[in-house]
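To start, the structure under review is shown below, and the notes come after it.
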Amino acid sequence: MVAEAPAPRLSDQRGVAITEEPAPVPATIPEPDWDHAVELIHGANRVLLCSHRKPDGDAIGSLLGLGWTLEAAGKHVTLACADAPANALATLPGAERIVQDLSPLYTVGEAPPWDLAIVMDASGLDRLGSIYENNRDLFAALPLIDVDHHITNDRFGIANVVDPTAASATEVLSLLIERLGLTPNVPAATCLMAGLMTDSLSFQTESTTPRSMRVAARLLEAGAPVAKLAFQLFRQRPRGSALLWSKALGTLQFAAGGRIGWLEVTRAAMDAAGPGADSGGLSGFAGSITGVDVGFVLEEGQDGNIYVSLRSATVDVARVASEFGGGGHVRAAGCHFAPPATIADARAQLLPAIERALG
Ligand code: 5GP
Ligand code: MN
């Protein structure tokens with residue numbers, strides 16, 4: 001008789017023991033915050049919706065998902081993001097409505113044309129980039145709701161609908177929409193689902209809970225086209241991105257005996273790759289290599305900053321990022337180094353910090 005082999009465990013498959021538990025998260029959203037947010041939204045007519053610079057699927061999904069829902073409820077909405085959605089995100093319904101600059105709509109010192117601002121998927125107002133930097137007085141003047149799921153969120157709203165156990169900001173937003181007594185229409189459900197699918201890597205992250213699945217089920221019932229979204233968001237990539245990957249993978253390096261792996265993306269590589277070049281996914285690739293505990297990407301931004309994207313299945317990278325003024329999630333985080341820092345400077349500062357985090 002042959003003894004049955006034990007089923008392989010995730011830790012065996014990765015070649016590393018996953019022992020470290022994610023950091024404890026605060027209790028869920030206090031009822032008074034829910035109630036206050038619902039009251040503010042019901043009482044508002046002209047709403048400014050904002051999400052973080054260099055937007056990902058959750059940032060764009062949040063803007064558009066709530067935008068469509070509030071518009072269907074008869075409110076006027078402005079959708080703002082410092083950077084335009086790229087590639088597949090630009091094909092989400094309503095993406096062309098997102099503005100990068102508020103100055104045509106609002107003059108500093110004059111009465112704002114909005115009575116409420118809602119900031120989504122951003123752990124702090126600085127994450128809005130130029131939308132915040134050019135309009136600080138506006139954000140001080142408007143009642144502000146903070147809807148987010150980052151563990152590093154600094155509760156900058158007068159109502160903070162922040163749940164670090166949510167898989168995406170759109171998961172939190174879907175619960176908020178329900179509390180408003182509203183049902184997402186098809187474009188809203190599509191965009192909310194896009195946020196949930198991208199931030200949870202199609203329900204593969206530790207942040208995926210039964211509640212995420214229930215929210216997803218309701219979005220499917222509301223008409224979200226899941227197969228079409230999966231194709232556009234995960235399987236299809238622009239030629240420019242494929243060309244960028246072909247360059248970026250050649251920069252792969254390791255440190256700490258293979259426990260750290262990283263890639264470097266220069267401006268020149270970005271420009272040579274051409275239209276559609278997008279570094280999204282590269283840090284996940286670095287983090288997916290057997291033996292690597294922390295994978296990261298250093299990217300020279302158009303604005304001269306060096307952007308860092310960190311991924312780990314074993315180490316709290318939000319803590320590493322926060323040492324450099326950044327933040328994010330335990331498993332996925334980021335920060336940046338301002339000029340005159342170069343890629344080499346960023347690397348020299350990051351590697352020791354990551355090695356300390358490895359313990
Ligand atoms: P990504 O690596 O995909 O750009 O970002 C991973 C996560 O970290 C996202 O949730 C993103 O919002 C967050 N993140 C990235 N860069 C920064 C940063 O400079 N500051 C903060 N607070 N969070 C960041
Ligand atoms: Mn998010």
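Every chain in the structure tokens has a letter given in the order shown (A, B, ...), and although residue numbers restart at 1 in each chain, ligands are simply numbered from 1 in the order shown.
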
Counting only C-alpha atoms and all ligand atoms, what residues are within 9 Å of ligand 2, given as a ChimeraX atom specification? /A:56-59,62,120-122,148-150,167-170,195-196,198-200,328-329

Quick one: write out the picked residues with C-alpha atoms as a short mmCIF file (atom, residue, chain, number, x, y, z; two decimals), in the first residue's frame?
```cif
data_model
loop_
_atom_site.label_atom_id
_atom_site.label_comp_id
_atom_site.auth_asym_id
_atom_site.auth_seq_id
_atom_site.Cartn_x
_atom_site.Cartn_y
_atom_site.Cartn_z
CA ASP A 56 -4.90 52.10 -11.06
CA GLY A 57 -8.08 50.14 -11.71
CA ASP A 58 -9.39 50.77 -8.20
CA ALA A 59 -8.82 54.54 -8.44
CA SER A 62 -14.04 54.24 -7.73
CA MET A 120 -11.38 57.64 -2.85
CA ASP A 121 -8.58 55.05 -2.75
CA ALA A 122 -6.12 57.60 -1.33
CA ASP A 148 -10.52 54.08 1.39
CA HIS A 149 -9.05 50.68 2.31
CA HIS A 150 -5.36 51.48 2.90
CA ALA A 167 -10.10 44.15 -0.93
CA SER A 168 -10.65 47.40 -2.83
CA ALA A 169 -11.92 50.93 -2.34
CA THR A 170 -14.79 49.93 -4.67
CA GLY A 195 -11.77 48.12 -9.10
CA LEU A 196 -12.49 44.97 -7.14
CA THR A 198 -7.80 44.69 -10.24
CA ASP A 199 -6.99 45.36 -6.56
CA SER A 200 -7.76 41.75 -5.53
CA GLY A 328 -0.11 51.39 0.92
CA HIS A 329 -0.97 47.85 1.94
#
```

Residues at most 10 Å from Tyr132 in chain A, counting only C-alpha atoms, excluding those fewer than 6 positions away in the same chain, as a ChimeraX atom specification? /A:50,52,81-82,102,125-126,138-139

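Each of A:Ala230, A:Ala344, A:Val38, A:Ile289 was checked against Arg259 in chain A using only C-alpha atoms; the smallest atom-to-atom distance is that of A:Ile289.
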
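For the set A:Ala318, A:Ala286, A:Leu244, A:Ala332, the residue with the smallest atom-to-atom gap to Leu263 in chain A is A:Ala286, counting only C-alpha atoms.
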
8 Å shell around ligand 1 using only C-alpha atoms and all ligand atoms, listed as a PyMOL selection string: chain A and resi 52+54+56+121-124+127+150+152-153+280-281+283+307-311+318+321-322+325-329+332-336

Tell me, in Å to one decimal, how far CA of Gln349 in chain A is from CA of Leu282 in chain A.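 These two atoms are separated by 20.4 Å.
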
Of the residues A:Ile177, A:Ile131, A:Val147, A:Leu64, which is the one nearest to Asn160 in chain A, using only C-alpha atoms?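 Closest to Asn160 in chain A, using only C-alpha atoms: A:Val147.
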
To one decimal place, how far is CA of Asp154 in chain A from CA of Ile118 in chain A in Å? 14.9 Å

Write out as a list of chain:residue names the residues lying within 7 Å of Ile145 in chain A, counting only C-alpha atoms and excluding same-chain residues fewer than 4 positions away. A:Ala37, A:Ala117, A:Ile118, A:Val119, A:Gly157, A:Ile158, A:Ala159, A:Asn160

Point-to-point distance from CA of Ile98 in chain A to CA of Ala80 in chain A, Å rounded to tenths: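 So the two atoms, CA of Ile98 in chain A and CA of Ala80 in chain A, lie 5.4 Å apart.
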
Excluding Cys191 in chain A and residues on its chain fewer than 2 positions from it, collect all residues at most 12 Å away from it, counting only C-alpha atoms, and give them as a PDB file with C-alpha atoms, in the first residue's frame.
```pdb
ATOM      1  CA  ASP A  56      -4.895  52.101 -11.065  1.00  0.00           C
ATOM      2  CA  GLY A  57      -8.078  50.141 -11.706  1.00  0.00           C
ATOM      3  CA  ASP A  58      -9.394  50.771  -8.205  1.00  0.00           C
ATOM      4  CA  ALA A  59      -8.817  54.538  -8.438  1.00  0.00           C
ATOM      5  CA  ILE A  60     -10.599  54.804 -11.811  1.00  0.00           C
ATOM      6  CA  GLY A  61     -13.244  52.211 -10.870  1.00  0.00           C
ATOM      7  CA  SER A  62     -14.039  54.241  -7.726  1.00  0.00           C
ATOM      8  CA  LEU A  63     -14.319  57.569  -9.554  1.00  0.00           C
ATOM      9  CA  LEU A  64     -16.525  56.211 -12.318  1.00  0.00           C
ATOM     10  CA  GLY A  65     -18.532  53.780 -10.194  1.00  0.00           C
ATOM     11  CA  LEU A  66     -19.617  56.465  -7.733  1.00  0.00           C
ATOM     12  CA  GLY A  67     -19.845  59.077 -10.506  1.00  0.00           C
ATOM     13  CA  TRP A  68     -22.380  57.035 -12.507  1.00  0.00           C
ATOM     14  CA  THR A  69     -24.351  56.200  -9.365  1.00  0.00           C
ATOM     15  CA  ALA A  88      -7.569  49.362 -20.586  1.00  0.00           C
ATOM     16  CA  LEU A  89      -8.684  51.790 -17.863  1.00  0.00           C
ATOM     17  CA  ALA A  90      -9.374  54.405 -20.543  1.00  0.00           C
ATOM     18  CA  THR A  91     -11.981  52.042 -22.040  1.00  0.00           C
ATOM     19  CA  LEU A  92     -14.098  51.917 -18.865  1.00  0.00           C
ATOM     20  CA  PRO A  93     -17.440  53.661 -19.407  1.00  0.00           C
ATOM     21  CA  GLY A  94     -17.184  57.390 -18.673  1.00  0.00           C
ATOM     22  CA  ALA A  95     -13.338  57.495 -18.544  1.00  0.00           C
ATOM     23  CA  ALA A 169     -11.921  50.930  -2.344  1.00  0.00           C
ATOM     24  CA  THR A 170     -14.786  49.931  -4.669  1.00  0.00           C
ATOM     25  CA  GLU A 171     -15.765  47.206  -2.167  1.00  0.00           C
ATOM     26  CA  LEU A 173     -17.961  52.179  -2.051  1.00  0.00           C
ATOM     27  CA  SER A 174     -20.393  49.400  -2.986  1.00  0.00           C
ATOM     28  CA  PRO A 184     -25.508  50.739  -9.326  1.00  0.00           C
ATOM     29  CA  ASN A 185     -26.606  50.846 -12.984  1.00  0.00           C
ATOM     30  CA  VAL A 186     -24.708  48.754 -15.566  1.00  0.00           C
ATOM     31  CA  PRO A 187     -21.823  51.209 -16.176  1.00  0.00           C
ATOM     32  CA  ALA A 188     -21.475  51.832 -12.419  1.00  0.00           C
ATOM     33  CA  ALA A 189     -21.419  48.092 -11.658  1.00  0.00           C
ATOM     34  CA  MET A 193     -16.229  45.482 -10.437  1.00  0.00           C
ATOM     35  CA  ALA A 194     -13.134  46.641 -12.357  1.00  0.00           C
ATOM     36  CA  GLY A 195     -11.770  48.120  -9.100  1.00  0.00           C
ATOM     37  CA  LEU A 196     -12.490  44.966  -7.136  1.00  0.00           C
ATOM     38  CA  MET A 197     -10.992  42.674  -9.780  1.00  0.00           C
ATOM     39  CA  THR A 198      -7.802  44.688 -10.237  1.00  0.00           C
ATOM     40  CA  ALA A 216     -18.934  40.943  -6.486  1.00  0.00           C
ATOM     41  CA  LEU A 219     -22.250  43.710  -9.024  1.00  0.00           C
ATOM     42  CA  LEU A 220     -22.661  40.758 -11.399  1.00  0.00           C
ATOM     43  CA  ALA A 222     -26.337  44.518 -11.569  1.00  0.00           C
ATOM     44  CA  GLY A 223     -24.804  43.695 -14.961  1.00  0.00           C
ATOM     45  CA  ALA A 224     -21.003  43.894 -14.621  1.00  0.00           C
ATOM     46  CA  PRO A 225     -19.517  42.036 -17.657  1.00  0.00           C
ATOM     47  CA  VAL A 226     -16.921  39.977 -15.787  1.00  0.00           C
ATOM     48  CA  LEU A 229     -13.388  42.959 -17.894  1.00  0.00           C
ATOM     49  CA  LEU A 233      -7.819  44.245 -17.588  1.00  0.00           C
TER      50      LEU A 233
END
```

Per DSSP on the backbone, filter range 21-266 of chain A down to the residues in helix (DSSP H, G or I) and report them as a VMD selection string. chain A and resid 31 to 43 57 to 72 87 to 91 95 to 97 125 to 128 130 to 133 136 to 141 169 to 179 186 to 199 210 to 221 226 to 235 239 to 251 256 to 258

Which residue out of A:Gly258, A:Ala217, A:Gly276, A:Ala44 has the minimum interatomic distance to Trp245 in chain A when only C-alpha atoms are used?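 Comparing A:Gly258, A:Ala217, A:Gly276, A:Ala44 against Trp245 in chain A, the winner is A:Gly276.
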
Secondary structure check, strand (DSSP E or B) residues of range 157-217 of chain A, as a compact mmCIF listing (two decimals) with C-alpha atoms, in the first residue's frame:
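Wrote it out as selection.txt, contents follow:
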```txt
# COMPACT_ATOMS: atom_id res chain seq x y z
CA ALA A 159 -16.40 61.35 7.61
CA ASN A 160 -13.87 58.54 7.21
CA VAL A 161 -15.32 55.49 5.51
CA VAL A 162 -12.07 53.54 5.76
```

Measuring between only C-alpha atoms, which one of A:Pro352, A:Pro340, A:Pro210, A:Gly291 shows the shortest distance to Glu323 in chain A? A:Pro352
